[in-house]
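**Q** Structure supplied as start.txt; contents: compact mmCIF, C-alpha atoms.
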# COMPACT_ATOMS: atom_id res chain seq x y z
CA MET A 1 75.93 74.07 88.12
CA SER A 2 79.52 74.30 89.07
CA ALA A 3 82.27 73.08 91.28
CA GLY A 4 79.91 73.44 94.18
CA ASN A 5 80.31 74.56 97.70
CA CYS A 6 81.64 72.09 100.21
CA GLY A 7 81.11 74.58 103.04
CA LYS A 8 84.75 75.56 103.36
CA LEU A 9 84.76 78.71 101.23
CA LEU A 10 85.50 81.06 104.10
CA LEU A 11 88.18 78.73 105.44
CA LEU A 12 89.83 78.76 102.03
CA GLN A 13 89.67 82.51 102.02
CA ALA A 14 91.01 82.76 105.56
CA GLU A 15 93.96 80.65 104.47
CA LEU A 16 94.62 83.03 101.58
CA ASP A 17 94.48 85.93 104.02
CA GLY A 18 96.87 84.32 106.46
CA GLU A 19 94.26 84.05 109.18
CA LEU A 20 94.50 80.30 109.86
CA ASP A 21 96.65 78.83 112.56
CA ALA A 22 98.87 75.86 111.81
CA ALA A 23 96.36 73.21 112.89
CA GLN A 24 93.54 74.72 110.83
CA ALA A 25 95.79 75.12 107.82
CA ALA A 26 96.93 71.50 108.03
CA ALA A 27 93.35 70.24 108.29
CA LEU A 28 92.32 72.34 105.30
CA ALA A 29 95.25 71.13 103.22
CA GLU A 30 94.22 67.55 103.89
CA HIS A 31 90.63 68.26 102.89
CA ARG A 32 91.63 70.25 99.83
CA ALA A 33 93.72 67.47 98.39
CA ASP A 34 90.53 65.47 97.83
CA CYS A 35 88.09 68.30 97.11
CA PRO A 36 87.81 69.55 93.51
CA ALA A 37 85.53 72.38 94.62
CA CYS A 38 88.16 73.70 97.01
CA GLN A 39 90.84 73.42 94.38
CA LEU A 40 88.81 75.47 91.90
CA ASN A 41 87.66 78.02 94.41
CA GLY A 42 91.18 78.31 95.75
CA ALA A 43 92.42 79.07 92.25
CA ALA A 44 89.70 81.68 91.77
CA LEU A 45 90.60 83.36 95.06
CA ALA A 46 94.24 83.42 94.09
CA ALA A 47 93.32 84.99 90.75
CA ALA A 48 91.27 87.65 92.50
CA ARG A 49 94.19 88.40 94.79
CA GLN A 50 96.59 88.66 91.86
CA ALA A 51 94.25 91.08 90.12
CA VAL A 52 93.63 93.30 93.12
CA ARG A 53 97.36 93.58 93.76
CA GLY A 54 97.49 95.58 90.54
CA ALA A 55 95.08 98.21 91.89
CA THR A 56 96.30 101.73 92.47
CA TYR A 57 97.57 102.62 95.92
CA HIS A 58 96.76 106.31 96.23
CA ARG A 59 99.53 108.13 98.04
CA ALA A 60 99.15 111.45 99.80
CA ASP A 61 100.81 114.46 98.20
CA PRO A 62 103.54 116.23 100.15
CA GLU A 63 101.19 119.24 100.24
CA LEU A 64 98.68 117.18 102.20
CA LEU A 65 101.35 116.14 104.69
CA ARG A 66 102.26 119.78 105.15
CA ALA A 67 98.64 120.82 105.51
CA VAL A 68 97.88 118.12 108.06
CA ALA A 69 101.08 118.75 109.99
CA SER A 70 100.18 122.40 110.14
CA ARG A 71 96.63 121.76 111.34
CA ILE A 72 97.71 119.41 114.12
CA GLY A 73 100.48 121.71 115.23
CA ALA A 74 103.32 119.47 114.16
CA ASP A 75 104.70 121.67 111.44
CA ARG A 76 107.89 122.44 113.27
CA PRO A 77 110.28 120.20 111.42
CA ALA A 78 113.14 119.90 113.88
CA PRO A 79 111.69 117.29 116.27
CA ARG A 80 110.78 114.92 113.43
CA ARG A 81 114.39 114.52 112.52
CA ARG A 82 115.31 113.00 115.84
CA GLY A 83 114.98 109.52 117.12
CA PRO A 84 113.67 106.50 115.32
CA LEU A 85 110.90 107.17 112.83
CA PRO A 86 108.14 104.71 112.04
CA LEU A 87 109.22 103.00 108.84
CA LYS A 88 106.00 102.52 106.95
CA SER A 89 105.01 106.08 106.51
CA LEU A 90 104.99 108.78 103.97
CA ALA A 91 107.16 110.83 106.24
CA SER A 92 109.66 108.02 106.19
CA PHE A 93 109.64 107.38 102.45
CA GLY A 94 112.87 109.23 102.38
CA LEU A 95 114.17 107.35 105.35
CA GLY A 96 113.49 104.17 103.47
CA ALA A 97 115.48 105.57 100.60
CA ALA A 98 118.35 106.45 102.90
CA LEU A 99 118.33 102.99 104.46
CA ALA A 100 118.10 101.44 101.05
CA ALA A 101 121.09 103.44 99.95
CA ALA A 102 122.99 102.33 103.01
CA ILE A 103 122.14 98.74 102.19
CA VAL A 104 123.24 99.14 98.62
CA LEU A 105 126.59 100.32 99.92
CA ALA A 106 127.22 96.83 101.17
CA PHE A 107 127.56 95.80 97.53
CA LEU A 108 129.90 98.57 96.53
CA PRO A 109 133.65 98.29 96.67
CA ALA A 110 135.02 99.33 100.02
CA GLY A 111 135.50 103.06 100.03
CA ARG A 112 137.33 105.59 102.05
CA PRO A 113 136.82 105.59 105.82
CA GLY A 114 133.79 107.62 106.68
CA LEU A 115 132.26 107.15 103.26
CA VAL A 116 129.20 105.43 104.62
CA GLY A 117 128.54 108.20 107.07
CA ALA A 118 129.02 110.84 104.43
CA LEU A 119 126.66 109.12 102.03
CA VAL A 120 124.02 108.56 104.63
CA ASP A 121 124.28 112.24 105.47
CA ASP A 122 123.72 113.01 101.81
CA HIS A 123 120.59 110.95 101.92
CA ILE A 124 119.14 112.80 104.85
CA ARG A 125 117.75 115.12 102.21
CA ALA A 126 115.54 112.23 101.16
CA LEU A 127 113.93 112.36 104.60
CA GLN A 128 111.98 115.32 103.41
CA PRO A 129 108.60 114.65 101.88
CA GLY A 130 108.62 114.93 98.14
CA HIS A 131 112.22 113.85 97.72
CA LEU A 132 111.44 110.26 96.92
CA LEU A 133 110.98 111.09 93.27
CA ASP A 134 112.66 113.70 91.09
CA VAL A 135 110.58 112.71 88.09
CA VAL A 136 107.08 111.43 88.63
CA SER A 137 105.76 109.34 85.78
CA THR A 138 104.39 105.92 85.17
CA ASN A 139 105.67 106.09 81.60
CA GLN A 140 109.09 104.57 80.94
CA HIS A 141 109.41 106.77 77.87
CA THR A 142 109.19 109.83 80.11
CA VAL A 143 111.46 108.56 82.83
CA LYS A 144 114.27 107.32 80.60
CA PRO A 145 114.91 110.60 78.73
CA TRP A 146 114.76 112.46 82.02
CA PHE A 147 118.04 110.83 83.03
CA ASP A 148 119.73 112.00 79.80
CA GLY A 149 122.21 114.72 80.57
CA ARG A 150 121.91 114.12 84.27
CA LEU A 151 124.05 110.98 84.31
CA ASP A 152 127.11 109.82 82.40
CA PHE A 153 125.34 106.58 81.55
CA ALA A 154 121.90 105.65 80.26
CA PRO A 155 120.04 103.47 82.74
CA PRO A 156 117.56 101.02 81.27
CA VAL A 157 113.99 101.81 82.30
CA LYS A 158 111.33 99.12 82.08
CA ASP A 159 107.59 99.09 82.50
CA LEU A 160 106.60 96.29 84.86
CA ALA A 161 102.97 97.31 85.37
CA ALA A 162 101.75 94.15 83.65
CA ALA A 163 103.72 92.15 86.19
CA GLY A 164 102.08 94.01 89.07
CA PHE A 165 104.88 96.50 89.71
CA PRO A 166 103.74 99.87 88.33
CA LEU A 167 106.48 102.45 87.79
CA LEU A 168 106.13 105.56 89.98
CA GLY A 169 109.11 107.50 88.69
CA GLY A 170 112.79 107.98 89.25
CA ARG A 171 115.38 110.10 90.96
CA LEU A 172 119.08 110.74 91.09
CA ASP A 173 121.09 109.59 94.02
CA TYR A 174 124.73 109.59 95.01
CA LEU A 175 126.45 106.38 96.00
CA GLY A 176 130.00 105.20 96.36
CA GLY A 177 131.43 108.34 94.82
CA ARG A 178 129.18 108.49 91.79
CA SER A 179 125.74 109.47 90.66
CA VAL A 180 123.30 106.61 90.26
CA ALA A 181 119.80 106.25 88.88
CA VAL A 182 117.00 105.10 91.15
CA LEU A 183 113.78 103.75 89.65
CA VAL A 184 110.85 103.52 92.01
CA TYR A 185 108.15 100.90 91.57
CA SER A 186 105.22 99.99 93.77
CA ARG A 187 103.40 96.87 94.76
CA GLY A 188 100.41 97.71 96.88
CA LYS A 189 101.67 99.80 99.74
CA HIS A 190 105.21 98.56 99.31
CA LEU A 191 107.86 100.38 97.33
CA VAL A 192 110.59 98.73 95.34
CA GLU A 193 113.59 100.91 94.61
CA LEU A 194 115.98 99.83 91.88
CA PHE A 195 119.43 101.41 92.07
CA VAL A 196 121.27 101.33 88.75
CA TRP A 197 124.89 102.22 88.02
CA PRO A 198 127.63 101.03 85.65
CA ALA A 199 129.16 97.76 86.77
CA SER A 200 132.83 97.97 87.55
CA GLY A 201 133.65 94.29 87.99
CA ALA A 202 132.81 90.96 86.51
CA VAL A 203 129.27 89.75 85.98
CA ALA A 204 127.91 88.56 89.29
CA GLU A 205 125.22 86.06 90.17
CA PRO A 206 122.17 87.46 91.95
CA ALA A 207 122.95 88.05 95.60
CA ARG A 208 120.47 88.55 98.37
CA ALA A 209 120.66 90.31 101.66
CA ALA A 210 118.41 91.65 104.37
CA ARG A 211 118.90 94.47 106.79
CA ASP A 212 116.64 96.40 109.15
CA GLY A 213 113.53 94.84 107.68
CA TYR A 214 114.55 95.59 104.11
CA ASN A 215 115.34 92.95 101.55
CA ILE A 216 117.72 93.42 98.69
CA VAL A 217 118.56 91.58 95.51
CA HIS A 218 121.65 92.58 93.59
CA TRP A 219 122.66 91.52 90.11
CA THR A 220 124.66 92.72 87.13
CA ALA A 221 123.64 92.58 83.50
CA GLY A 222 124.57 94.41 80.33
CA GLY A 223 127.37 96.27 82.03
CA MET A 224 125.10 97.64 84.75
CA SER A 225 124.80 96.89 88.44
CA PHE A 226 121.28 96.60 89.82
CA SER A 227 120.20 96.60 93.42
CA ALA A 228 116.51 96.22 94.17
CA VAL A 229 115.60 97.25 97.71
CA SER A 230 112.21 96.92 99.36
CA ASP A 231 110.29 96.01 102.45
CA LEU A 232 108.50 93.44 100.30
CA GLU A 233 108.97 89.88 101.46
CA PRO A 234 111.94 88.12 99.79
CA ALA A 235 109.72 86.07 97.45
CA GLY A 236 108.05 89.24 96.17
CA LEU A 237 111.35 90.93 95.59
CA ASP A 238 112.71 87.88 93.78
CA GLU A 239 109.66 88.05 91.54
CA PHE A 240 110.47 91.67 90.79
CA ALA A 241 114.06 90.78 89.91
CA ARG A 242 112.92 87.92 87.69
CA GLU A 243 110.41 90.09 85.88
CA TRP A 244 112.96 92.82 85.35
CA GLN A 245 115.54 90.42 83.91
CA ALA A 246 112.95 88.67 81.75
CA ARG A 247 111.89 91.81 79.87
CA MET B 1 103.32 121.18 121.80
CA GLY B 2 104.74 118.03 123.34
CA SER B 3 101.44 116.18 123.14
CA ASP B 4 100.85 117.43 119.62
CA ASN B 5 104.14 115.95 118.60
CA ALA B 6 103.20 112.70 120.28
CA PHE B 7 100.05 112.69 118.21
CA ALA B 8 101.97 113.49 115.07
CA ALA B 9 104.29 110.56 115.72
CA VAL B 10 101.28 108.26 115.98
CA ALA B 11 99.19 109.70 113.17
CA LEU B 12 101.48 110.93 110.40
CA PRO B 13 102.96 107.51 109.61
CA HIS B 14 99.44 106.51 108.58
CA LEU B 15 98.85 109.46 106.28
CA ASP B 16 99.22 107.40 103.11
CA ALA B 17 96.87 104.74 104.42
CA ALA B 18 94.39 107.42 105.46
CA PHE B 19 94.52 109.06 102.06
CA ASN B 20 94.32 105.77 100.17
CA LEU B 21 91.20 104.73 102.08
CA ALA B 22 89.58 108.15 101.74
CA ARG B 23 90.36 108.23 98.03
CA TRP B 24 88.86 104.81 97.44
CA LEU B 25 85.77 105.74 99.46
CA THR B 26 85.14 109.18 97.96
CA GLY B 27 86.46 108.54 94.47
CA SER B 28 88.11 111.95 94.29
CA ARG B 29 91.51 113.28 95.34
CA ALA B 30 90.13 116.62 96.43
CA ASP B 31 87.40 115.07 98.56
CA ALA B 32 89.89 112.60 100.00
CA GLU B 33 92.24 115.41 101.00
CA ASP B 34 89.41 117.23 102.75
CA VAL B 35 88.40 114.04 104.52
CA VAL B 36 91.95 113.29 105.67
CA GLN B 37 92.46 116.79 107.03
CA GLU B 38 89.18 116.72 108.91
CA ALA B 39 89.82 113.19 110.20
CA MET B 40 93.28 114.07 111.47
CA VAL B 41 91.95 117.08 113.34
CA ARG B 42 89.23 114.88 114.84
CA ALA B 43 91.77 112.24 115.78
CA LEU B 44 93.83 114.84 117.57
CA THR B 45 90.74 115.74 119.60
CA TYR B 46 90.18 112.09 120.51
CA PHE B 47 93.85 111.33 121.05
CA SER B 48 93.67 111.45 124.83
CA SER B 49 91.20 108.55 124.68
CA PHE B 50 93.42 106.42 122.42
CA ARG B 51 94.43 103.47 124.57
CA GLY B 52 97.00 101.81 122.39
CA GLY B 53 96.38 98.84 120.14
CA SER B 54 96.67 99.32 116.41
CA SER B 55 97.11 103.01 115.73
CA ARG B 56 96.59 102.30 112.04
CA ALA B 57 93.15 100.78 112.68
CA TRP B 58 92.29 103.62 115.06
CA ILE B 59 93.19 106.31 112.52
CA LEU B 60 91.49 104.48 109.65
CA GLN B 61 88.32 104.09 111.67
CA ILE B 62 88.15 107.86 112.12
CA VAL B 63 88.98 108.42 108.45
CA ARG B 64 86.29 105.98 107.42
CA ASN B 65 83.65 107.60 109.58
CA THR B 66 84.63 111.04 108.31
CA ALA B 67 84.47 109.82 104.71
CA TYR B 68 81.02 108.39 105.31
CA GLY B 69 79.95 111.77 106.61
CA ALA B 70 81.20 113.35 103.40
CA LEU B 71 79.43 110.74 101.27
CA LYS B 72 76.25 111.29 103.19
CA ALA B 73 76.51 115.01 102.60
CA ARG B 74 76.78 114.15 98.90
CA GLY B 75 73.61 112.10 99.24
CA GLU B 76 75.15 108.71 98.60
CA ARG B 77 73.88 105.47 99.96
CA MET B 78 75.60 104.12 103.04
CA ALA B 79 76.72 100.65 103.93
CA GLY B 80 74.51 100.71 107.01
CA HIS B 81 71.47 100.77 104.77
CA MET B 82 72.09 97.44 103.15
CA ASP B 83 68.99 95.65 102.03
CA LEU B 84 70.57 92.24 102.13
CA ASP B 85 70.95 90.20 105.20
CA GLU B 86 74.60 89.79 104.54
CA ALA B 87 75.78 88.35 107.81
CA GLY B 88 73.91 85.12 107.34
CA ALA B 89 73.86 83.78 103.92
CA ILE B 90 77.16 82.43 102.70
CA GLU B 91 75.23 79.54 101.18
CA ASN B 92 73.50 81.95 98.84
CA ILE B 93 76.74 83.21 97.44
CA PRO B 94 77.40 81.55 94.14
CA ASP B 95 80.78 80.06 93.50
CA PRO B 96 83.26 82.46 92.01
CA THR B 97 83.58 80.37 88.90
CA ASP B 98 83.41 76.88 87.63
CA ASP B 99 85.98 77.66 85.00
CA PRO B 100 89.56 78.14 86.15
CA GLU B 101 90.46 79.66 82.81
CA LYS B 102 87.85 82.30 83.35
CA ALA B 103 89.30 83.08 86.73
CA LEU B 104 92.73 83.51 85.26
CA ILE B 105 91.51 86.16 82.87
CA VAL B 106 91.39 88.44 85.86
CA SER B 107 95.10 88.37 86.30
CA HIS B 108 95.65 89.71 82.80
CA ASP B 109 93.21 92.51 83.27
CA LEU B 110 95.16 94.79 85.53
CA ALA B 111 94.31 97.93 83.62
CA ARG B 112 90.64 97.60 84.45
CA ILE B 113 91.00 96.54 88.03
CA ASP B 114 90.69 100.08 89.43
CA ALA B 115 87.41 100.57 87.61
CA LEU B 116 86.10 97.21 88.79
CA ILE B 117 86.94 97.95 92.41
CA ALA B 118 85.48 101.44 92.17
CA ALA B 119 82.22 99.92 90.94
CA LEU B 120 81.85 97.67 93.99
CA PRO B 121 79.30 98.65 96.64
CA VAL B 122 81.06 100.83 99.19
CA GLU B 123 80.96 98.26 102.03
CA LEU B 124 82.60 95.63 99.82
CA ARG B 125 85.05 98.13 98.39
CA GLU B 126 86.30 99.36 101.76
CA THR B 127 86.71 95.82 103.06
CA LEU B 128 88.69 94.77 100.01
CA VAL B 129 90.88 97.89 100.08
CA LEU B 130 91.63 97.45 103.77
CA ARG B 131 92.54 93.80 103.26
CA GLU B 132 94.44 93.87 99.97
CA LEU B 133 95.95 97.34 99.80
CA GLU B 134 96.43 98.07 103.50
CA GLU B 135 96.99 94.41 104.44
CA LEU B 136 94.94 94.73 107.61
CA SER B 137 93.93 91.65 109.58
CA TYR B 138 90.29 90.60 109.78
CA ARG B 139 90.24 91.88 113.34
CA ASP B 140 91.49 95.32 112.38
CA ILE B 141 89.09 95.52 109.43
CA ALA B 142 86.25 94.64 111.80
CA GLN B 143 87.31 97.51 114.05
CA VAL B 144 87.63 100.03 111.22
CA THR B 145 84.30 99.15 109.64
CA SER B 146 82.44 98.49 112.92
CA VAL B 147 81.10 95.05 111.97
CA PRO B 148 81.72 91.53 113.30
CA ILE B 149 84.60 89.50 111.87
CA GLY B 150 82.10 87.12 110.23
CA THR B 151 80.71 90.02 108.24
CA VAL B 152 84.21 91.04 107.20
CA MET B 153 84.76 87.54 105.86
CA SER B 154 81.51 87.39 103.89
CA ARG B 155 82.06 90.89 102.46
CA LEU B 156 85.55 89.96 101.35
CA TRP B 157 84.23 86.84 99.70
CA ARG B 158 81.51 88.74 97.89
CA ALA B 159 83.92 91.43 96.74
CA ARG B 160 86.33 88.88 95.32
CA ARG B 161 83.58 86.88 93.69
CA MET B 162 82.22 89.99 92.00
CA LEU B 163 85.66 90.90 90.68
CA VAL B 164 86.29 87.48 89.23
CA GLY B 165 82.81 87.38 87.74
CA ALA B 166 82.98 90.88 86.26
CA ALA B 167 86.37 90.47 84.64
CA GLY B 168 85.72 86.96 83.44
CA GLY B 169 82.29 87.73 82.05
CA GLU B 170 83.19 90.77 79.99
CA GLY B 171 86.43 89.34 78.82
CA ARG B 172 84.81 86.50 76.96
CA PRO B 173 84.06 86.50 73.27
Translate this file's structure into structure tokens.

**A**
Amino acid sequence: MSAGNCGKLLLLQAELDGELDAAQAAALAEHRADCPACQLNGAALAAARQAVRGATYHRADPELLRAVASRIGADRPAPRRRGPLPLKSLASFGLGAALAAAIVLAFLPAGRPGLVGALVDDHIRALQPGHLLDVVSTNQHTVKPWFDGRLDFAPPVKDLAAAGFPLLGGRLDYLGGRSVAVLVYSRGKHLVELFVWPASGAVAEPARAARDGYNIVHWTAGGMSFSAVSDLEPAGLDEFAREWQAR
Amino acid sequence: MGSDNAFAAVALPHLDAAFNLARWLTGSRADAEDVVQEAMVRALTYFSSFRGGSSRAWILQIVRNTAYGALKARGERMAGHMDLDEAGAIENIPDPTDDPEKALIVSHDLARIDALIAALPVELRETLVLRELEELSYRDIAQVTSVPIGTVMSRLWRARRMLVGAAGGEGRP
């Protein structure tokens, strides 16, 4: 009736899910090269993965964080500010933003001494739940006008939902002595933040960097500088940058 | 207070994951918020017995059990009451598709993917959400859902096959 089942379906799936060790993966690759059933089923699995990656990741509201913190007796804010915070958390959304901003600074012209410290201090405000987004909308036609009158430039806003990067919203931030736009996209549980500000220099080729577990891709186009920052793996972030530039 | 803050440091980073799982299980934001609050209070009670390992899996296991309690109170069918003998029969699972084009339709059908996942039986839905949205390992999924790893694998396969089949089937002229 079909491509058939050679008995390796769950091995194929385990490979997709990163559960095979090197020896198993090598053996499967050898088998797959000569097995039409595995090639078809592998393609179907990959299609299913691609589709599910577009599913909604439901994030907790700041009110829920407050309610839970209150009920477990952790609603005294001071201690949470100190020491390293776990990175992949709602409470550290803002921390991610602050780190991202610090990373973006690497691409800005060298500033006054102490600038980095001052800017990072500014971004401590983002540590607070609810400060990830100033405007919450998945609609580019809502987010773009929101920036009007708040910035002295008009950042382009694109809808990348079809590419698997739904728009969550945007916010204002302050970097390198000027206000910048930040667009926030998601992919699964990962966030991609795109910092946008007017380019001051020549057009630059895409540049990549990594710091503290975050990856960054920077490029300029149409007179704007773009820095995409995320804890996505580099290939995923490259895909985001490609999709953005292609639309 | 000190121990409460230790708990908060372990539990709060997983609040999004907890809410996402509860929301996918209950289908409602309000119910999910109730579930998460109750689960976090329960987790605090059990915290002294937490022996390390994956704190994410530990929290999600409590969230999952709490959500099942809420579903049961709503009178919904539970995964434990499966009619099928699911652990055995991989051979009985049809191939996802014999038409690669059909499979690819799925990738252009992102708008409907939430509805398709929501329509999956709860035991397939939770396994898929834990794997694809939370990126948990098979081992952690087995812990959260209290089944053997082999069952995790067959549930994942069935969930993915149903998604490919559903999207491909309806999308055809």

**Q** Could you work out how far atom CA of Tyr185 of chain A lies from atom CA of Ala67 of chain B, giving the answer in Å with one decimal?

**A**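 A separation of 28.5 Å between them.
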
**Q** So how many Å separate atom CA of Glu123 of chain B and atom CA of Leu64 of chain A, to one decimal?

**A**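 Straight-line distance from atom CA of Glu123 of chain B to atom CA of Leu64 of chain A works out to 25.9 Å.
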
**Q** From the set A:Val157, A:Leu9, A:Leu191, A:Leu232, which residue has the shortest atom-to-atom contact distance to Val143 of chain A, counting only C-alpha atoms?

**A**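 When distances to Val143 of chain A are compared using only C-alpha atoms, the smallest one comes from A:Val157.
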
**Q** Just how far from atom CA of Glu233 of chain A is atom CA of Asp61 of chain A, in Å to one decimal?

**A** 26.1 Å

**Q** So which one's closest to Thr145 of chain B, B:Ile117, B:Ser49, B:Arg125, B:Leu71? Using all atoms listed in the file, please.

**A**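 Smallest separation from Thr145 of chain B among the options: B:Arg125.
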
**Q** Can you work out which one of A:Ala26, A:Val52, A:Ala46, A:Val135 has the shortest atom-to-atom distance to Leu116 of chain B, counting all atoms listed in the file?

**A** A:Val52

**Q** Which residue, B:Trp157, B:Tyr68, B:Trp24, B:Tyr138, has the smallest gap to Asp114 of chain B when you use only C-alpha atoms?

**A**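 The shortest atom-to-atom distance to Asp114 of chain B comes from B:Trp24.
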
**Q** What are the nearest atom pairs, with distances in Å to one decimal, for all residues of segment 132-201 of chain A that come at most 6 Å from segment 211-231 of chain A, using all atoms listed in the file, set out by chain and rising residue number as a tab-separated table?

**A**
residue	atom	partner	partner_atom	distance
A:Leu191	CA	A:Ser230	CA	5.9
A:Val192	CA	A:Ser230	CA	4.7
A:Glu193	CA	A:Val229	CA	5.2
A:Leu194	CA	A:Ala228	CA	4.3
A:Phe195	CA	A:Ser227	CA	5.1
A:Val196	CA	A:Phe226	CA	4.8
A:Trp197	CA	A:Ser225	CA	5.3
A:Pro198	CA	A:Met224	CA	4.3
A:Ala199	CA	A:Met224	CA	4.5

**Q** Place a sphere of radius 10 Å on (89.2, 93.0, 91.4) in the file coordinates and name every protein, DNA or RNA residue with an atom inside or on its surface, counting all atoms listed in the file; give the answer as a count of residues only.

**A** 33

**Q** List the residues sitting within 12 Å of (88.4, 105.8, 102.2) in the file's frame, using all atoms listed in the file, as number ranges by chain.

**A** A: 57-58; B: 15-29, 31-36, 39, 59-71, 118, 122-130, 133-134, 144-145

**Q** Can you pull out every residue within 9 Å of Leu10 of chain A, counting only C-alpha atoms, but drop anything in the same chain fewer than 2 positions away, and send it as a PDB file with C-alpha atoms, in the coordinates of the input?

**A**
ATOM      1  CA  GLY A   7      81.110  74.580 103.040  1.00  0.00           C
ATOM      2  CA  LYS A   8      84.750  75.560 103.360  1.00  0.00           C
ATOM      3  CA  LEU A  12      89.830  78.760 102.030  1.00  0.00           C
ATOM      4  CA  GLN A  13      89.670  82.510 102.020  1.00  0.00           C
ATOM      5  CA  ALA A  14      91.010  82.760 105.560  1.00  0.00           C
ATOM      6  CA  GLU A  15      93.960  80.650 104.470  1.00  0.00           C
TER       7      GLU A  15
ATOM      8  CA  ILE B  90      77.160  82.430 102.700  1.00  0.00           C
ATOM      9  CA  MET B 153      84.760  87.540 105.860  1.00  0.00           C
ATOM     10  CA  SER B 154      81.510  87.390 103.890  1.00  0.00           C
ATOM     11  CA  TRP B 157      84.230  86.840  99.700  1.00  0.00           C
TER      12      TRP B 157
END

**Q** Which residue out of A:Val68, A:Phe153, A:Ala22, A:Gln39 has the minimum interatomic distance to Ala43 of chain B when all atoms listed in the file are used?

**A** A:Val68

**Q** Rank B:Arg139, B:Gly75, B:Ala57, B:Arg51 by their smallest atom-to-atom distance to chain A, using only C-alpha atoms, and report the top residue only.

**A** B:Arg139

**Q** At a cut-off of 9 Å, using only C-alpha atoms, what residues contact Cys6 of chain A? Leave out same-chain residues fewer than 6 positions from it and give the result as a list in words.

**A**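 Residues near the query, excluding close chain neighbours: Cys35, Ala37 and Cys38 of chain A.
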
**Q** Kindly export the residues of the current selection with C-alpha atoms, as a PDB file, in the frame of the given file.

**A**
ATOM      1  CA  CYS A  35      88.090  68.300  97.110  1.00  0.00           C
ATOM      2  CA  ALA A  37      85.530  72.380  94.620  1.00  0.00           C
ATOM      3  CA  CYS A  38      88.160  73.700  97.010  1.00  0.00           C
TER       4      CYS A  38
END
